[in-house]
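S.K.: This is the structure I have questions about; it appears just below.
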Amino acid sequence: MSDRTGFFWIPVTAYLLLILGLSSIPGEKMPYAIQLSPDKLLHCLEYSGFGFLLMRAVKGSFPEFRFFFRITLAASALMALTDELYQNLIPGRFPDPLDWVFDVAGAAAGAWISLTFLKRNWLPKWMK
């Protein structure tokens, strides 16, 4: 484990709390602009950021691991499932299996972009 583990996991934790905070908004209090937007695209974008940060954290904290992408994808899928099930507890919200699919697709895209940036040394030094 890296000695900079907190540096990698604080953004992941903050982003995770943001996702859960957004999922906690009751359906009738959802901003009108979000209600009009393409829902599946928002799910994909939301989780692409999570996948990006999670890949960076996994690779930075556990450099001896070999299966960074699989670990990140499995953890993202579990988080997305938890998020969708959590929405069942919020008035006016409901879980949607298709939302979960787009969450995982977004996380996979974000993780792939993060891994590509890390492999090609495209991230600024302070982000590695």
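Each chain of the structure tokens is named A, B, ... in the order shown, its residues numbered from 1; ligands are numbered from 1 in display order.
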With only C-alpha atoms as the counted atoms, please give the residues lying no more than 6 Å from Ser48 of chain A, apart from itself and same-chain residues fewer than 6 positions off, as a ChimeraX atom specification.
M.R.: /A:106-107,109-110
S.K.: Write a file of the just-selected residues containing N, CA and C atoms, as a PDB file, in the first residue's frame.
M.R.:
```
ATOM      1  N   GLY A 106     -20.733   4.107 -17.570  1.00  0.00           N
ATOM      2  CA  GLY A 106     -20.019   5.354 -17.306  1.00  0.00           C
ATOM      3  C   GLY A 106     -18.773   5.124 -16.464  1.00  0.00           C
ATOM      4  N   ALA A 107     -18.891   4.280 -15.448  1.00  0.00           N
ATOM      5  CA  ALA A 107     -17.729   3.970 -14.596  1.00  0.00           C
ATOM      6  C   ALA A 107     -16.636   3.281 -15.412  1.00  0.00           C
ATOM      7  N   ALA A 109     -16.091   3.626 -18.634  1.00  0.00           N
ATOM      8  CA  ALA A 109     -15.482   4.646 -19.490  1.00  0.00           C
ATOM      9  C   ALA A 109     -14.519   5.525 -18.693  1.00  0.00           C
ATOM     10  N   GLY A 110     -14.948   5.966 -17.524  1.00  0.00           N
ATOM     11  CA  GLY A 110     -14.087   6.797 -16.681  1.00  0.00           C
ATOM     12  C   GLY A 110     -12.839   6.057 -16.229  1.00  0.00           C
TER      13      GLY A 110
END
```
S.K.: Apply DSSP to the structure's backbone, then extract all residues of chain A labelled alpha helix (DSSP H) and return them as number ranges by chain.
M.R.: A: 5-23, 32-36, 39-61, 68-87, 97-119
S.K.: May I ask for the distance between atom CA of Tyr15 of chain A and atom CA of Lys29 of chain A, given in Å to one decimal place?
M.R.: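 Distance reported for this atom pair: 21.4 Å.
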S.K.: Kindly indicate which residue among A:Ala108, A:Leu89, A:Glu28, A:Phe7 lies nearest to Ser76 of chain A, using only C-alpha atoms for the distances.
M.R.: A:Ala108
S.K.: In Å to one decimal, how far is atom CA of Ser61 of chain A from atom CA of Trp112 of chain A?
M.R.: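 Distance between the two atoms: 17.3 Å.
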S.K.: Can you pull out every residue within 12 Å of Ile71 of chain A, counting only C-alpha atoms, but drop anything in the same chain fewer than 5 positions away, and send it as a PyMOL selection string?
M.R.: chain A and resi 51+54-59+62+65-66+76-78+107-108+111
S.K.: Take the residues from that selection and write them out as a PDB file, in the first residue's frame, keeping C-alpha atoms.
M.R.:
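Output below, filename selection-v8.pdb:
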```
ATOM      1  CA  GLY A  51     -14.750   5.434 -12.285  1.00  0.00           C
ATOM      2  CA  LEU A  54     -11.619   5.090  -8.312  1.00  0.00           C
ATOM      3  CA  MET A  55      -9.172   3.762 -10.927  1.00  0.00           C
ATOM      4  CA  ARG A  56      -6.636   6.388  -9.903  1.00  0.00           C
ATOM      5  CA  ALA A  57      -7.083   5.449  -6.231  1.00  0.00           C
ATOM      6  CA  VAL A  58      -6.842   1.683  -6.776  1.00  0.00           C
ATOM      7  CA  LYS A  59      -3.782   1.940  -9.018  1.00  0.00           C
ATOM      8  CA  PHE A  62      -2.115  -0.856  -4.618  1.00  0.00           C
ATOM      9  CA  PHE A  65      -2.244  -5.406  -8.113  1.00  0.00           C
ATOM     10  CA  ARG A  66      -2.550  -6.573 -11.697  1.00  0.00           C
ATOM     11  CA  SER A  76     -18.247   0.619  -9.292  1.00  0.00           C
ATOM     12  CA  ALA A  77     -20.952  -1.912 -10.163  1.00  0.00           C
ATOM     13  CA  LEU A  78     -21.483  -2.638  -6.470  1.00  0.00           C
ATOM     14  CA  ALA A 107     -17.729   3.970 -14.596  1.00  0.00           C
ATOM     15  CA  ALA A 108     -16.052   1.695 -17.154  1.00  0.00           C
ATOM     16  CA  ALA A 111     -11.835   3.979 -15.456  1.00  0.00           C
TER      17      ALA A 111
END
```
S.K.: Please provide the set of residues having any atom within 10 Å of segment 19-25 of chain A, restricted to only C-alpha atoms, with same-chain residues fewer than 2 positions apart removed, written as a PDB file with N, CA and C atoms, in the first residue's frame.
M.R.:
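What ended up in selection-v5.pdb:
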```pdb
ATOM      1  N   THR A  13     -14.024   9.311  -1.885  1.00  0.00           N
ATOM      2  CA  THR A  13     -15.016   9.396  -0.809  1.00  0.00           C
ATOM      3  C   THR A  13     -15.913  10.622  -0.997  1.00  0.00           C
ATOM      4  N   ALA A  14     -15.314  11.757  -1.327  1.00  0.00           N
ATOM      5  CA  ALA A  14     -16.099  12.977  -1.540  1.00  0.00           C
ATOM      6  C   ALA A  14     -17.064  12.797  -2.712  1.00  0.00           C
ATOM      7  N   TYR A  15     -16.600  12.174  -3.786  1.00  0.00           N
ATOM      8  CA  TYR A  15     -17.456  11.959  -4.963  1.00  0.00           C
ATOM      9  C   TYR A  15     -18.573  10.977  -4.638  1.00  0.00           C
ATOM     10  N   LEU A  16     -18.249   9.975  -3.869  1.00  0.00           N
ATOM     11  CA  LEU A  16     -19.251   8.997  -3.433  1.00  0.00           C
ATOM     12  C   LEU A  16     -20.339   9.685  -2.607  1.00  0.00           C
ATOM     13  N   LEU A  17     -19.942  10.567  -1.708  1.00  0.00           N
ATOM     14  CA  LEU A  17     -20.920  11.311  -0.900  1.00  0.00           C
ATOM     15  C   LEU A  17     -21.766  12.235  -1.775  1.00  0.00           C
ATOM     16  N   GLY A  27     -38.082  12.817  -5.307  1.00  0.00           N
ATOM     17  CA  GLY A  27     -38.500  12.986  -6.689  1.00  0.00           C
ATOM     18  C   GLY A  27     -39.192  14.301  -6.970  1.00  0.00           C
ATOM     19  N   GLU A  28     -40.070  14.750  -6.060  1.00  0.00           N
ATOM     20  CA  GLU A  28     -40.813  15.987  -6.289  1.00  0.00           C
ATOM     21  C   GLU A  28     -39.949  17.235  -6.095  1.00  0.00           C
ATOM     22  N   LYS A  29     -38.767  17.093  -5.486  1.00  0.00           N
ATOM     23  CA  LYS A  29     -37.866  18.231  -5.266  1.00  0.00           C
ATOM     24  C   LYS A  29     -36.714  18.257  -6.268  1.00  0.00           C
ATOM     25  N   MET A  30     -36.746  17.347  -7.218  1.00  0.00           N
ATOM     26  CA  MET A  30     -35.699  17.283  -8.240  1.00  0.00           C
ATOM     27  C   MET A  30     -35.751  18.563  -9.076  1.00  0.00           C
ATOM     28  N   PRO A  31     -34.611  19.228  -9.285  1.00  0.00           N
ATOM     29  CA  PRO A  31     -34.616  20.451 -10.102  1.00  0.00           C
ATOM     30  C   PRO A  31     -35.211  20.194 -11.491  1.00  0.00           C
ATOM     31  N   GLU A  46     -22.210  10.933 -14.510  1.00  0.00           N
ATOM     32  CA  GLU A  46     -21.997  10.919 -13.062  1.00  0.00           C
ATOM     33  C   GLU A  46     -21.002   9.820 -12.667  1.00  0.00           C
ATOM     34  N   TYR A  47     -21.207   8.640 -13.191  1.00  0.00           N
ATOM     35  CA  TYR A  47     -20.355   7.520 -12.810  1.00  0.00           C
ATOM     36  C   TYR A  47     -19.032   7.474 -13.563  1.00  0.00           C
ATOM     37  N   PHE A  50     -16.739   8.994 -11.162  1.00  0.00           N
ATOM     38  CA  PHE A  50     -16.450   8.039 -10.088  1.00  0.00           C
ATOM     39  C   PHE A  50     -15.449   6.976 -10.554  1.00  0.00           C
ATOM     40  N   MET A  79     -21.216  -0.242  -6.116  1.00  0.00           N
ATOM     41  CA  MET A  79     -21.645   1.082  -5.667  1.00  0.00           C
ATOM     42  C   MET A  79     -22.906   1.515  -6.411  1.00  0.00           C
ATOM     43  N   ALA A  80     -22.954   1.290  -7.705  1.00  0.00           N
ATOM     44  CA  ALA A  80     -24.127   1.668  -8.499  1.00  0.00           C
ATOM     45  C   ALA A  80     -25.363   0.887  -8.055  1.00  0.00           C
ATOM     46  N   THR A  82     -25.866  -0.353  -5.034  1.00  0.00           N
ATOM     47  CA  THR A  82     -26.225   0.212  -3.736  1.00  0.00           C
ATOM     48  C   THR A  82     -26.971   1.538  -3.916  1.00  0.00           C
ATOM     49  N   ASP A  83     -26.498   2.352  -4.820  1.00  0.00           N
ATOM     50  CA  ASP A  83     -27.127   3.636  -5.107  1.00  0.00           C
ATOM     51  C   ASP A  83     -28.549   3.446  -5.632  1.00  0.00           C
ATOM     52  N   GLU A  84     -28.727   2.531  -6.559  1.00  0.00           N
ATOM     53  CA  GLU A  84     -30.071   2.292  -7.107  1.00  0.00           C
ATOM     54  C   GLU A  84     -31.016   1.739  -6.042  1.00  0.00           C
ATOM     55  N   TYR A  86     -30.756   2.208  -2.823  1.00  0.00           N
ATOM     56  CA  TYR A  86     -30.958   3.291  -1.858  1.00  0.00           C
ATOM     57  C   TYR A  86     -32.092   4.216  -2.308  1.00  0.00           C
ATOM     58  N   GLN A  87     -32.202   4.442  -3.608  1.00  0.00           N
ATOM     59  CA  GLN A  87     -33.248   5.326  -4.119  1.00  0.00           C
ATOM     60  C   GLN A  87     -34.650   4.808  -3.806  1.00  0.00           C
ATOM     61  N   ASN A  88     -34.765   3.525  -3.568  1.00  0.00           N
ATOM     62  CA  ASN A  88     -36.053   2.944  -3.201  1.00  0.00           C
ATOM     63  C   ASN A  88     -36.550   3.486  -1.858  1.00  0.00           C
ATOM     64  N   LEU A  89     -35.642   3.969  -1.030  1.00  0.00           N
ATOM     65  CA  LEU A  89     -35.987   4.505   0.288  1.00  0.00           C
ATOM     66  C   LEU A  89     -36.378   5.984   0.232  1.00  0.00           C
ATOM     67  N   ILE A  90     -36.169   6.629  -0.906  1.00  0.00           N
ATOM     68  CA  ILE A  90     -36.407   8.064  -1.049  1.00  0.00           C
ATOM     69  C   ILE A  90     -37.771   8.293  -1.696  1.00  0.00           C
ATOM     70  N   PRO A  91     -38.626   9.123  -1.079  1.00  0.00           N
ATOM     71  CA  PRO A  91     -39.956   9.385  -1.664  1.00  0.00           C
ATOM     72  C   PRO A  91     -39.858   9.917  -3.096  1.00  0.00           C
ATOM     73  N   GLY A  92     -40.647   9.344  -3.971  1.00  0.00           N
ATOM     74  CA  GLY A  92     -40.677   9.787  -5.364  1.00  0.00           C
ATOM     75  C   GLY A  92     -39.549   9.263  -6.216  1.00  0.00           C
ATOM     76  N   ARG A  93     -38.681   8.426  -5.648  1.00  0.00           N
ATOM     77  CA  ARG A  93     -37.562   7.843  -6.412  1.00  0.00           C
ATOM     78  C   ARG A  93     -37.753   6.340  -6.446  1.00  0.00           C
TER      79      ARG A  93
END
```
S.K.: Rounded to one decimal in Å, what is the spacing between atom CA of Ala105 of chain A and atom CA of Leu18 of chain A?
M.R.: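 Computing the Euclidean distance for atom CA of Ala105 of chain A and atom CA of Leu18 of chain A yields 18.9 Å.
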S.K.: Counting only C-alpha atoms, figure out which residue out of A:Leu73, A:Pro38, A:Pro124, A:Trp9 gets nearest to Asp103 of chain A.
M.R.: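 The answer is A:Leu73, which sits nearest to Asp103 of chain A.
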